[in-house]
Amino acid sequence: MTNQKQAKAAQDFVPIKEIRDGAVILKNNELRLVLMASSLNFALKSQDEQNAIIAAYQNFINSLDFPIQIFIESRRIDINPYLMLLDEREKNQTNELLQLQTKEYIEFVKNLVATTNIVSKTFYIVIPYAPSFKIATREGVSGIFKGFFKTGDKEKTTEETGLEKFAENKLQLQQRADTVIQGLAGIGVRLAPLNTEELIELYYGLFNPGELEKSAPQTLMANT
């Protein structure tokens, strides 16, 4: 009984009500769409290219009429599976020179890991949308707005109306995402929306950071 109360209390801190069709639905019925962004090696650009990127990004930000959130996930990489793979290749290597080079490379990687934290960074842009109209209860549908939700002579159920509103809200959210994708394409940043499974994996990792240390990282495409 105590464990059930603790689990329920923990769930109260999670603001997510549902993840559906690639969209995050919060408990206040607002929606979020998460885009994964490719990286851009700004330091390797020439001065003129850097100035052009800064100007294009400034124009992009100024063109937005809705807020966005830029989120960077840093994840420590477990290098042990890679070292085990190298050890196996060293043992199976028939060329003595290549075997020696493989062994030296393994030592190099071990020394590097011992002195430096190997971290992968993933970049996300979160697109919000707050519906201006919410249907909270069945009574609300059958009361004030009763005359607006009909299928022929039959009133629409709360579930049917909710699905229609979700589709409309998702369309608005997607239009915002398209604006961001097109705006950042001009500076060489590629964006891809996370699907439902990828969103679940992302949020599970955020709310359970200890689990990420136990498993090797997975690669996905790459507060204002």
# chains A, B, ... in the order shown; residues from 1 in each chain; ligands from 1
>>> closest_atom_pairs(of="range 3-63 of chain A", to="range 167-172 of chain A", cutoff="9 Å", atoms="only C-alpha atoms", output="JSON lines")
{"residue": "A:Asp21", "atom": "CA", "partner": "A:Lys170", "partner_atom": "CA", "distance": 8.9}
{"residue": "A:Ala23", "atom": "CA", "partner": "A:Lys170", "partner_atom": "CA", "distance": 7.4}
{"residue": "A:Leu31", "atom": "CA", "partner": "A:Lys170", "partner_atom": "CA", "distance": 7.9}
{"residue": "A:Leu33", "atom": "CA", "partner": "A:Lys170", "partner_atom": "CA", "distance": 8.8}
>>> select_by_dssp(residues="range 45-141 of chain A", states="alpha helix (DSSP H)", output="ChimeraX atom specification")
/A:47-63,80-92,96-115,138-141
>>> select_by_dssp(residues="range 17-106 of chain A", states="strand (DSSP E)", output="list in words")
Lys17, Glu18, Ile19, Arg20, Ala23, Val24, Ile25, Leu26, Leu31, Arg32, Leu33, Val34, Leu35, Met36, Ala37, Gln69, Ile70, Phe71, Ile72, Glu73, Ser74, Arg75 and Arg76 of chain A
>>> write_last_selection(atoms="N, CA and C atoms", output="short mmCIF file (atom, residue, chain, number, x, y, z; two decimals), in the first residue's frame")
data_model
loop_
_atom_site.label_atom_id
_atom_site.label_comp_id
_atom_site.auth_asym_id
_atom_site.auth_seq_id
_atom_site.Cartn_x
_atom_site.Cartn_y
_atom_site.Cartn_z
N LYS A 17 0.54 13.99 -19.58
CA LYS A 17 -0.67 13.19 -19.49
C LYS A 17 -0.64 12.04 -20.48
N GLU A 18 -0.11 12.31 -21.68
CA GLU A 18 -0.15 11.29 -22.73
C GLU A 18 0.82 11.67 -23.83
N ILE A 19 1.35 10.65 -24.52
CA ILE A 19 2.15 10.86 -25.73
C ILE A 19 1.42 10.13 -26.85
N ARG A 20 0.97 10.88 -27.83
CA ARG A 20 0.13 10.31 -28.88
C ARG A 20 0.50 10.88 -30.24
N ALA A 23 3.12 13.54 -30.54
CA ALA A 23 2.89 14.79 -29.81
C ALA A 23 2.79 14.49 -28.31
N VAL A 24 3.32 15.39 -27.51
CA VAL A 24 3.25 15.26 -26.06
C VAL A 24 2.06 16.10 -25.57
N ILE A 25 1.16 15.48 -24.83
CA ILE A 25 0.01 16.17 -24.26
C ILE A 25 0.25 16.34 -22.76
N LEU A 26 0.32 17.59 -22.32
CA LEU A 26 0.57 17.86 -20.91
C LEU A 26 -0.74 17.77 -20.12
N LEU A 31 0.09 21.15 -25.86
CA LEU A 31 0.80 20.16 -26.67
C LEU A 31 2.25 20.58 -26.87
N ARG A 32 3.10 19.60 -27.05
CA ARG A 32 4.51 19.83 -27.36
C ARG A 32 4.93 18.90 -28.49
N LEU A 33 5.71 19.43 -29.41
CA LEU A 33 6.32 18.63 -30.47
C LEU A 33 7.83 18.83 -30.36
N VAL A 34 8.58 17.75 -30.38
CA VAL A 34 10.02 17.81 -30.18
C VAL A 34 10.74 17.50 -31.48
N LEU A 35 11.64 18.41 -31.87
CA LEU A 35 12.44 18.23 -33.08
C LEU A 35 13.89 17.97 -32.69
N MET A 36 14.48 16.97 -33.29
CA MET A 36 15.91 16.74 -33.07
C MET A 36 16.69 17.50 -34.13
N ALA A 37 17.74 18.19 -33.69
CA ALA A 37 18.49 19.06 -34.59
C ALA A 37 19.89 18.51 -34.84
N GLN A 69 11.67 26.30 -27.25
CA GLN A 69 12.64 25.94 -26.22
C GLN A 69 13.76 25.15 -26.88
N ILE A 70 15.00 25.53 -26.60
CA ILE A 70 16.17 24.81 -27.10
C ILE A 70 16.73 23.99 -25.94
N PHE A 71 16.80 22.71 -26.15
CA PHE A 71 17.23 21.79 -25.09
C PHE A 71 18.42 20.97 -25.57
N ILE A 72 19.47 20.90 -24.73
CA ILE A 72 20.67 20.12 -25.05
C ILE A 72 20.81 19.00 -24.03
N GLU A 73 20.83 17.78 -24.52
CA GLU A 73 20.99 16.62 -23.64
C GLU A 73 22.43 16.14 -23.71
N SER A 74 23.11 16.13 -22.58
CA SER A 74 24.48 15.63 -22.48
C SER A 74 24.43 14.25 -21.84
N ARG A 75 25.04 13.30 -22.48
CA ARG A 75 24.99 11.92 -21.99
C ARG A 75 26.40 11.33 -22.01
N ARG A 76 26.83 10.84 -20.86
CA ARG A 76 28.13 10.21 -20.77
C ARG A 76 28.10 8.87 -21.51
#
>>> residues_around(residues="Glu30 in chain A", least_positions_apart="5", cutoff="8 Å", atoms="only C-alpha atoms", output="PyMOL selection string")
chain A and resi 25+128-131
>>> write_last_selection(atoms="C-alpha atoms", output="CSV table (one decimal), in the first residue's frame")
chain,number,residue,atom,x,y,z
A,25,ILE,CA,0.0,16.2,-24.3
A,128,PRO,CA,4.6,24.4,-27.8
A,129,TYR,CA,0.9,24.9,-28.6
A,130,ALA,CA,-1.8,25.9,-26.1
A,131,PRO,CA,-5.3,25.2,-27.5
>>> atom_distance(atom1="CA of Leu194 in chain A", atom2="CA of Gly22 in chain A")
6.3 Å
>>> atom_distance(atom1="CA of Ser39 in chain A", atom2="CA of Gly188 in chain A")
8.8 Å
>>> residues_around(residues="range 45-54 of chain A", least_positions_apart="6", cutoff="12 Å", atoms="only C-alpha atoms", output="list of chain:residue names")
A:Phe60, A:Ile61, A:Gly183, A:Leu184, A:Ala185, A:Gly186, A:Ile187, A:Gly188, A:Val189
>>> residues_around(residues="Arg89 in chain A", least_positions_apart="6", cutoff="12 Å", atoms="only C-alpha atoms", output="PyMOL selection string")
chain A and resi 82-83+95+98-103+105-106
>>> residues_around(residues="Ser63 in chain A", least_positions_apart="4", cutoff="12 Å", atoms="only C-alpha atoms", output="list of chain:residue names")
A:Ala56, A:Tyr57, A:Gln58, A:Asn59, A:Pro67, A:Arg176, A:Thr179, A:Val180, A:Gln182, A:Gly183, A:Leu184
>>> closest_residue(among="A:Tyr204, A:Arg190, A:Glu197, A:Asn28", to="Ser132 in chain A", atoms="only C-alpha atoms")
A:Asn28
>>> atom_distance(atom1="CA of Leu85 in chain A", atom2="CA of Lys121 in chain A")
23.3 Å
